[in-house]
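Text of input_33.pdb, listed as PDB, C-alpha atoms:
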```
MODEL        1
ATOM      1  CA  MET A  29     -58.306 -16.061  -7.387
ATOM      2  CA  GLU A  30     -61.571 -15.316  -9.137
ATOM      3  CA  LYS A  31     -62.097 -16.525 -12.661
ATOM      4  CA  ARG A  32     -63.097 -14.072 -15.349
ATOM      5  CA  MET A  33     -66.691 -13.899 -16.556
ATOM      6  CA  GLY A  34     -67.356 -16.549 -19.188
ATOM      7  CA  GLU A  35     -64.037 -18.345 -18.602
ATOM      8  CA  SER A  36     -63.860 -21.975 -17.471
ATOM      9  CA  PHE A  37     -61.006 -23.528 -15.509
ATOM     10  CA  PRO A  38     -59.697 -25.481 -17.216
ATOM     11  CA  SER A  39     -60.801 -24.621 -20.739
ATOM     12  CA  ASP A  40     -61.528 -27.480 -23.147
ATOM     13  CA  GLU A  41     -58.639 -26.338 -25.333
ATOM     14  CA  LEU A  42     -56.217 -26.433 -22.396
ATOM     15  CA  VAL A  43     -57.329 -29.941 -21.432
ATOM     16  CA  ARG A  44     -56.920 -31.188 -25.017
ATOM     17  CA  THR A  45     -53.411 -29.752 -25.131
ATOM     18  CA  LEU A  46     -52.500 -31.438 -21.860
ATOM     19  CA  VAL A  47     -53.746 -34.933 -22.733
ATOM     20  CA  PRO A  48     -50.375 -36.084 -24.196
ATOM     21  CA  ILE A  49     -48.708 -34.988 -20.930
ATOM     22  CA  LEU A  50     -51.487 -35.673 -18.383
ATOM     23  CA  PRO A  51     -53.943 -38.153 -19.952
ATOM     24  CA  ASN A  52     -56.528 -37.746 -17.164
ATOM     25  CA  ALA A  53     -56.377 -33.917 -17.093
ATOM     26  CA  SER A  54     -60.131 -33.511 -17.566
ATOM     27  CA  ALA A  55     -60.877 -35.637 -14.489
ATOM     28  CA  CYS A  56     -58.410 -33.779 -12.253
ATOM     29  CA  ASP A  57     -59.101 -31.060  -9.718
ATOM     30  CA  TRP A  58     -57.875 -27.671 -10.945
ATOM     31  CA  GLN A  59     -56.913 -24.735  -8.751
ATOM     32  CA  LEU A  60     -55.618 -21.415 -10.060
ATOM     33  CA  VAL A  61     -52.799 -20.567  -7.649
ATOM     34  CA  ARG A  62     -51.069 -17.673  -9.368
ATOM     35  CA  GLN A  63     -51.905 -15.229 -12.119
ATOM     36  CA  GLY A  64     -49.213 -12.735 -12.981
ATOM     37  CA  PRO A  65     -48.520 -10.359 -15.848
ATOM     38  CA  ALA A  66     -46.562 -13.027 -17.753
ATOM     39  CA  ASN A  67     -48.289 -16.353 -16.992
ATOM     40  CA  ARG A  68     -50.852 -18.345 -14.994
ATOM     41  CA  VAL A  69     -50.112 -21.330 -12.767
ATOM     42  CA  PHE A  70     -52.559 -24.081 -11.808
ATOM     43  CA  LYS A  71     -52.279 -26.851  -9.256
ATOM     44  CA  VAL A  72     -53.707 -29.950 -10.964
ATOM     45  CA  SER A  73     -54.391 -33.019  -8.826
ATOM     46  CA  ASP A  74     -55.856 -36.489  -9.383
ATOM     47  CA  GLY A  75     -56.088 -37.229  -5.667
ATOM     48  CA  HIS A  76     -52.820 -39.150  -5.581
ATOM     49  CA  GLN A  77     -50.378 -36.892  -7.404
ATOM     50  CA  ALA A  78     -50.245 -33.200  -8.236
ATOM     51  CA  TRP A  79     -48.644 -31.108 -10.957
ATOM     52  CA  ALA A  80     -47.915 -27.445 -11.541
ATOM     53  CA  VAL A  81     -49.327 -26.442 -14.943
ATOM     54  CA  LYS A  82     -48.020 -23.118 -16.189
ATOM     55  CA  VAL A  83     -49.787 -21.334 -19.060
ATOM     56  CA  LEU A  84     -47.183 -19.035 -20.549
ATOM     57  CA  GLY A  85     -47.861 -15.570 -21.894
ATOM     58  CA  PRO A  86     -47.342 -14.535 -25.527
ATOM     59  CA  ASP A  87     -43.822 -14.997 -26.883
ATOM     60  CA  THR A  88     -43.984 -11.621 -28.639
ATOM     61  CA  PHE A  89     -43.328  -9.907 -25.291
ATOM     62  CA  SER A  90     -40.996 -12.267 -23.470
ATOM     63  CA  ALA A  91     -37.394 -12.694 -24.527
ATOM     64  CA  VAL A  92     -37.335 -16.072 -22.741
ATOM     65  CA  ASP A  93     -36.494 -19.172 -24.783
ATOM     66  CA  TYR A  94     -38.539 -21.784 -22.909
ATOM     67  CA  THR A  95     -37.029 -24.675 -24.844
ATOM     68  CA  ASN A  96     -33.654 -23.727 -23.396
ATOM     69  CA  VAL A  97     -35.186 -23.194 -19.950
ATOM     70  CA  TYR A  98     -36.690 -26.697 -20.102
ATOM     71  CA  GLY A  99     -33.296 -28.210 -20.867
ATOM     72  CA  LEU A 100     -31.734 -26.151 -18.099
ATOM     73  CA  GLN A 101     -34.268 -27.243 -15.506
ATOM     74  CA  LYS A 102     -33.680 -30.866 -16.475
ATOM     75  CA  GLN A 103     -30.043 -30.395 -15.456
ATOM     76  CA  LEU A 104     -31.067 -28.679 -12.214
ATOM     77  CA  SER A 105     -33.602 -31.376 -11.394
ATOM     78  CA  GLU A 106     -30.910 -34.028 -11.779
ATOM     79  CA  GLN A 107     -28.773 -32.054  -9.307
ATOM     80  CA  GLY A 108     -31.640 -31.901  -6.796
ATOM     81  CA  VAL A 109     -32.093 -28.143  -7.073
ATOM     82  CA  ALA A 110     -35.393 -27.949  -9.024
ATOM     83  CA  PRO A 111     -38.625 -29.993  -9.322
ATOM     84  CA  SER A 112     -38.812 -32.742 -11.923
ATOM     85  CA  LEU A 113     -40.379 -31.941 -15.290
ATOM     86  CA  CYS A 114     -43.341 -33.717 -16.885
ATOM     87  CA  GLY A 115     -43.688 -32.047 -20.267
ATOM     88  CA  PHE A 116     -43.650 -28.885 -22.354
ATOM     89  CA  ASP A 117     -45.661 -27.865 -25.424
ATOM     90  CA  LYS A 118     -43.764 -25.074 -27.136
ATOM     91  CA  HIS A 119     -46.559 -24.117 -29.545
ATOM     92  CA  ALA A 120     -49.385 -24.159 -26.982
ATOM     93  CA  ARG A 121     -47.024 -22.595 -24.419
ATOM     94  CA  ILE A 122     -47.922 -25.089 -21.703
ATOM     95  CA  TRP A 123     -45.363 -26.144 -19.080
ATOM     96  CA  VAL A 124     -45.882 -29.029 -16.614
ATOM     97  CA  GLU A 125     -43.722 -30.006 -13.642
ATOM     98  CA  SER A 126     -44.215 -31.802 -10.330
ATOM     99  CA  TRP A 127     -46.173 -29.854  -7.742
ATOM    100  CA  ILE A 128     -44.155 -29.410  -4.559
ATOM    101  CA  GLU A 129     -46.165 -28.908  -1.373
ATOM    102  CA  THR A 130     -44.759 -26.060   0.711
ATOM    103  CA  PRO A 131     -45.688 -25.001   4.252
ATOM    104  CA  GLU A 132     -46.985 -21.477   4.613
ATOM    105  CA  GLN A 133     -44.527 -18.995   6.082
ATOM    106  CA  THR A 134     -45.414 -15.365   6.668
ATOM    107  CA  HIS A 135     -41.979 -13.960   7.506
ATOM    108  CA  LEU A 136     -39.142 -13.422   5.047
ATOM    109  CA  ASP A 137     -36.230 -15.731   5.873
ATOM    110  CA  THR A 138     -33.127 -14.021   4.496
ATOM    111  CA  ARG A 139     -30.848 -16.881   5.553
ATOM    112  CA  LEU A 140     -32.853 -19.356   3.480
ATOM    113  CA  LEU A 141     -32.638 -16.976   0.522
ATOM    114  CA  ALA A 142     -28.890 -16.491   0.960
ATOM    115  CA  ASN A 143     -28.318 -20.245   1.184
ATOM    116  CA  ALA A 144     -30.436 -20.789  -1.931
ATOM    117  CA  LEU A 145     -28.505 -18.122  -3.838
ATOM    118  CA  TRP A 146     -25.173 -19.668  -2.854
ATOM    119  CA  ARG A 147     -26.430 -23.124  -3.811
ATOM    120  CA  VAL A 148     -27.478 -21.826  -7.234
ATOM    121  CA  HIS A 149     -24.171 -20.017  -7.661
ATOM    122  CA  GLN A 150     -22.349 -23.310  -7.096
ATOM    123  CA  CYS A 151     -24.308 -25.193  -9.794
ATOM    124  CA  ASP A 152     -22.331 -26.547 -12.731
ATOM    125  CA  VAL A 153     -24.777 -26.367 -15.638
ATOM    126  CA  ASN A 154     -24.801 -25.631 -19.328
ATOM    127  CA  ALA A 155     -26.576 -22.255 -19.396
ATOM    128  CA  PRO A 156     -26.672 -19.114 -21.550
ATOM    129  CA  THR A 157     -24.930 -15.927 -20.475
ATOM    130  CA  LEU A 158     -27.119 -13.027 -19.391
ATOM    131  CA  ALA A 159     -26.637 -10.183 -21.881
ATOM    132  CA  LEU A 160     -28.457  -7.339 -20.159
ATOM    133  CA  VAL A 161     -28.050  -4.645 -22.801
ATOM    134  CA  PRO A 162     -29.743  -6.714 -25.560
ATOM    135  CA  VAL A 163     -32.492  -7.627 -23.056
ATOM    136  CA  TRP A 164     -33.028  -3.938 -22.338
ATOM    137  CA  GLN A 165     -33.157  -3.238 -26.061
ATOM    138  CA  HIS A 166     -35.790  -5.941 -26.555
ATOM    139  CA  TYR A 167     -38.073  -4.336 -23.978
ATOM    140  CA  LEU A 168     -37.393  -0.823 -25.271
ATOM    141  CA  GLU A 169     -38.628  -1.980 -28.663
ATOM    142  CA  GLN A 170     -42.004  -2.815 -27.095
ATOM    143  CA  LEU A 171     -42.464   0.865 -26.163
ATOM    144  CA  SER A 172     -43.420   3.888 -28.209
ATOM    145  CA  SER A 173     -40.697   6.484 -28.845
ATOM    146  CA  ARG A 174     -42.220   8.791 -26.247
ATOM    147  CA  GLU A 175     -42.389   6.032 -23.615
ATOM    148  CA  ALA A 176     -38.864   4.810 -24.384
ATOM    149  CA  ARG A 177     -37.133   8.210 -24.214
ATOM    150  CA  PRO A 178     -36.557   8.424 -20.411
ATOM    151  CA  PHE A 179     -35.431   4.785 -20.310
ATOM    152  CA  VAL A 180     -32.851   5.344 -23.058
ATOM    153  CA  ALA A 181     -31.090   8.035 -21.013
ATOM    154  CA  GLN A 182     -30.972   5.709 -17.988
ATOM    155  CA  ARG A 183     -29.780   2.813 -20.107
ATOM    156  CA  ASP A 184     -26.804   4.772 -21.405
ATOM    157  CA  LYS A 185     -25.669   5.638 -17.860
ATOM    158  CA  LEU A 186     -26.182   2.138 -16.521
ATOM    159  CA  THR A 187     -24.401   0.506 -19.458
ATOM    160  CA  GLN A 188     -21.234   2.310 -18.351
ATOM    161  CA  LEU A 189     -21.783   1.229 -14.737
ATOM    162  CA  LEU A 190     -22.343  -2.363 -15.862
ATOM    163  CA  ALA A 191     -19.121  -2.389 -17.885
ATOM    164  CA  ARG A 192     -17.145  -0.940 -14.989
ATOM    165  CA  TYR A 193     -18.244  -3.542 -12.442
ATOM    166  CA  SER A 194     -18.536  -6.692 -14.574
ATOM    167  CA  HIS A 195     -15.614  -8.643 -13.131
ATOM    168  CA  TYR A 196     -14.885 -12.159 -14.354
ATOM    169  CA  ASP A 197     -14.493 -13.545 -10.821
ATOM    170  CA  ASP A 198     -18.050 -12.478  -9.966
ATOM    171  CA  TYR A 199     -19.632 -14.506 -12.767
ATOM    172  CA  CYS A 200     -21.470 -17.729 -11.989
ATOM    173  CA  PHE A 201     -24.801 -19.414 -12.614
ATOM    174  CA  CYS A 202     -27.621 -17.189 -11.288
ATOM    175  CA  HIS A 203     -31.383 -17.456 -10.826
ATOM    176  CA  ASN A 204     -31.996 -13.703 -11.345
ATOM    177  CA  ASP A 205     -35.586 -13.848 -10.055
ATOM    178  CA  LEU A 206     -35.390 -15.390  -6.585
ATOM    179  CA  SER A 207     -38.428 -14.398  -4.565
ATOM    180  CA  PHE A 208     -39.089 -16.213  -1.301
ATOM    181  CA  ALA A 209     -42.114 -17.832  -2.979
ATOM    182  CA  HIS A 210     -39.707 -19.573  -5.374
ATOM    183  CA  LEU A 211     -38.318 -21.668  -2.502
ATOM    184  CA  VAL A 212     -40.548 -24.737  -2.233
ATOM    185  CA  GLY A 213     -40.750 -28.025  -0.361
ATOM    186  CA  ALA A 214     -41.001 -28.958   3.309
ATOM    187  CA  GLN A 215     -37.515 -27.501   3.888
ATOM    188  CA  ARG A 216     -37.797 -24.953   1.068
ATOM    189  CA  ASP A 217     -34.779 -26.622  -0.517
ATOM    190  CA  LEU A 218     -36.102 -26.741  -4.092
ATOM    191  CA  ILE A 219     -36.284 -23.727  -6.379
ATOM    192  CA  ILE A 220     -38.820 -22.953  -9.116
ATOM    193  CA  ASP A 221     -39.310 -20.451 -11.952
ATOM    194  CA  TRP A 222     -36.004 -20.543 -13.850
ATOM    195  CA  GLU A 223     -37.053 -18.359 -16.810
ATOM    196  CA  TYR A 224     -34.378 -15.738 -16.216
ATOM    197  CA  ALA A 225     -31.587 -18.032 -15.017
ATOM    198  CA  ALA A 226     -28.255 -17.551 -16.767
ATOM    199  CA  ILE A 227     -24.544 -17.158 -16.242
ATOM    200  CA  GLY A 228     -24.214 -13.673 -14.812
ATOM    201  CA  ASN A 229     -22.945 -11.509 -12.000
ATOM    202  CA  ARG A 230     -23.629 -12.890  -8.512
ATOM    203  CA  TYR A 231     -24.255  -9.359  -7.199
ATOM    204  CA  PHE A 232     -26.918  -8.700  -9.834
ATOM    205  CA  ASP A 233     -28.579 -11.875  -8.498
ATOM    206  CA  LEU A 234     -28.308 -10.632  -4.908
ATOM    207  CA  ALA A 235     -29.640  -7.199  -5.857
ATOM    208  CA  ALA A 236     -32.498  -8.838  -7.787
ATOM    209  CA  CYS A 237     -33.367 -10.814  -4.657
ATOM    210  CA  VAL A 238     -33.499  -7.566  -2.671
ATOM    211  CA  VAL A 239     -35.739  -5.811  -5.205
ATOM    212  CA  ILE A 240     -38.074  -8.742  -5.917
ATOM    213  CA  ASN A 241     -38.665  -9.383  -2.215
ATOM    214  CA  GLU A 242     -39.094  -5.637  -1.545
ATOM    215  CA  MET A 243     -36.551  -5.778   1.248
ATOM    216  CA  ASP A 244     -36.102  -2.891   3.638
ATOM    217  CA  PRO A 245     -32.540  -1.879   4.649
ATOM    218  CA  GLU A 246     -32.608  -4.264   7.631
ATOM    219  CA  HIS A 247     -33.526  -7.286   5.510
ATOM    220  CA  LYS A 248     -31.027  -6.306   2.813
ATOM    221  CA  GLN A 249     -28.288  -6.139   5.441
ATOM    222  CA  ALA A 250     -29.318  -9.545   6.814
ATOM    223  CA  LEU A 251     -29.270 -11.074   3.322
ATOM    224  CA  CYS A 252     -25.794  -9.699   2.616
ATOM    225  CA  GLU A 253     -24.469 -10.910   5.974
ATOM    226  CA  ALA A 254     -25.928 -14.376   5.465
ATOM    227  CA  TYR A 255     -24.498 -14.595   1.936
ATOM    228  CA  ALA A 256     -21.077 -13.398   3.125
ATOM    229  CA  ASP A 257     -21.181 -16.040   5.849
ATOM    230  CA  VAL A 258     -22.029 -18.977   3.571
ATOM    231  CA  SER A 259     -19.755 -17.858   0.706
ATOM    232  CA  THR A 260     -16.811 -16.641   2.869
ATOM    233  CA  ILE A 261     -16.707 -13.470   0.737
ATOM    234  CA  SER A 262     -16.093 -10.407   2.908
ATOM    235  CA  ILE A 263     -19.246  -8.643   4.089
ATOM    236  CA  ASN A 264     -17.903  -5.294   2.832
ATOM    237  CA  THR A 265     -17.527  -6.678  -0.687
ATOM    238  CA  VAL A 266     -20.991  -8.259  -0.673
ATOM    239  CA  GLN A 267     -22.639  -5.071   0.589
ATOM    240  CA  GLN A 268     -20.780  -2.702  -1.722
ATOM    241  CA  GLN A 269     -21.245  -4.778  -4.874
ATOM    242  CA  THR A 270     -24.906  -5.499  -4.156
ATOM    243  CA  ASP A 271     -25.556  -1.770  -3.700
ATOM    244  CA  ILE A 272     -23.828  -1.044  -7.011
ATOM    245  CA  PHE A 273     -26.148  -3.438  -8.845
ATOM    246  CA  LEU A 274     -29.375  -2.275  -7.193
ATOM    247  CA  PRO A 275     -30.070   0.541  -9.709
ATOM    248  CA  ILE A 276     -29.283  -1.836 -12.588
ATOM    249  CA  VAL A 277     -31.824  -4.349 -11.289
ATOM    250  CA  GLN A 278     -34.403  -1.653 -10.553
ATOM    251  CA  PHE A 279     -34.044  -0.277 -14.081
ATOM    252  CA  THR A 280     -34.446  -3.769 -15.565
ATOM    253  CA  ASN A 281     -37.556  -4.346 -13.469
ATOM    254  CA  ASP A 282     -39.074  -0.936 -14.285
ATOM    255  CA  LEU A 283     -38.431  -1.424 -18.002
ATOM    256  CA  TRP A 284     -39.983  -4.912 -17.930
ATOM    257  CA  MET A 285     -43.082  -3.526 -16.225
ATOM    258  CA  ALA A 286     -43.385  -0.674 -18.714
ATOM    259  CA  ALA A 287     -43.102  -3.070 -21.669
ATOM    260  CA  LEU A 288     -45.851  -5.440 -20.487
ATOM    261  CA  PRO A 289     -48.609  -5.727 -23.114
TER
ENDMDL
END
```
Any chance you could put this one into structure tokens?
Amino acid sequence: MEKRMGESFPSDELVRTLVPILPNASACDWQLVRQGPANRVFKVSDGHQAWAVKVLGPDTFSAVDYTNVYGLQKQLSEQGVAPSLCGFDKHARIWVESWIETPEQTHLDTRLLANALWRVHQCDVNAPTLALVPVWQHYLEQLSSREARPFVAQRDKLTQLLARYSHYDDYCFCHNDLSFAHLVGAQRDLIIDWEYAAIGNRYFDLAACVVINEMDPEHKQALCEAYADVSTISINTVQQQTDIFLPIVQFTNDLWMAALP
């Protein structure tokens, strides 16, 4: 990824912030590996060890409490589900964890995704509960009245749908943002980017996986079949409930995109 004119990678300020976590940060090799609307991620290496350094976006936009996410990932790391953590500076909004080398794979492996979802859903962790309606409200408040108006009408309809299909038995720990790129390691058996993880509806998590990975009907069917197989939940239930939550996920995603600064 190209750097912007006049910008150095890493900046002196970023290196100074990292010194308490990575004392030799200035002597390391830096590579910008991802730049999204919410954050930037660098691979930082000293030739022997490597770290993922995430520079988080402004907290005025995101409803994510990264202090809680850090504590959550500590639990997940201990259970062998997530990479180990190295440090977090709340004020500078810098996050550091172990870099996990991952072989390149061009095709979308729905069975790996289904297995990862089921593994997450089985985790016993202390996590917050996903309250979608307040999250929607937070993003609506980032919009002007004119921009928010069409979303408000959708929100009112989907709130009723959410209430109708929020069954206690379907609640478990969820990732809520599982793209294939979030599966890392030689066997892709570790999972990264836990910002939106929470106790929630498993079918919202499945639908989110469909939307985030831009699955076509064939891949969506394969994901549902693989999840039904590993979970022993009937394929009809998995398909029907995932389809119900697709518009809820799509609305959440569209609203998030619209609210980006």
Quick one: which residues end up in the PyMOL selection byres ((chain A and resi 270) around 9) for this structure, as a compact mmCIF listing (two decimals) with C-alpha atoms, in the coordinates of the input?
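After the write, selection-v4.txt holds the following:
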```txt
# COMPACT_ATOMS: atom_id res chain seq x y z
CA ARG A 230 -23.63 -12.89 -8.51
CA TYR A 231 -24.26 -9.36 -7.20
CA PHE A 232 -26.92 -8.70 -9.83
CA ASP A 233 -28.58 -11.88 -8.50
CA LEU A 234 -28.31 -10.63 -4.91
CA ALA A 235 -29.64 -7.20 -5.86
CA VAL A 238 -33.50 -7.57 -2.67
CA CYS A 252 -25.79 -9.70 2.62
CA THR A 265 -17.53 -6.68 -0.69
CA VAL A 266 -20.99 -8.26 -0.67
CA GLN A 267 -22.64 -5.07 0.59
CA GLN A 268 -20.78 -2.70 -1.72
CA GLN A 269 -21.24 -4.78 -4.87
CA ASP A 271 -25.56 -1.77 -3.70
CA ILE A 272 -23.83 -1.04 -7.01
CA PHE A 273 -26.15 -3.44 -8.85
CA LEU A 274 -29.38 -2.28 -7.19
```
Point to revise | Shortest interatomic distance to A:Ile220 - which of A:Lys248, A:Lys82, A:His195, A:Lys118, counting only C-alpha atoms | key: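 Smallest separation from A:Ile220 among the options: A:Lys82.
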Check your understanding: Taking all atoms listed in the file into account, which of A:Thr45, A:Gln59, A:Gln107, A:Thr138 comes nearest A:Glu246?
Key ->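 Looking at the shortest contact to A:Glu246, the residue is A:Thr138.
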Review point. How would you write, as a PyMOL selection string, the residues chosen by the PyMOL selection byres ((chain A and resi 110) around 12) on this structure?
Key: chain A and resi 97-98+100-109+111-113+125-128+144+147-148+151+203+210-213+216-222
Practice item. Grab the atom CA of A:Cys202 to atom CA of A:Pro65 distance for me, in Å with one decimal place. Key: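 Those two atoms sit 22.5 Å apart.
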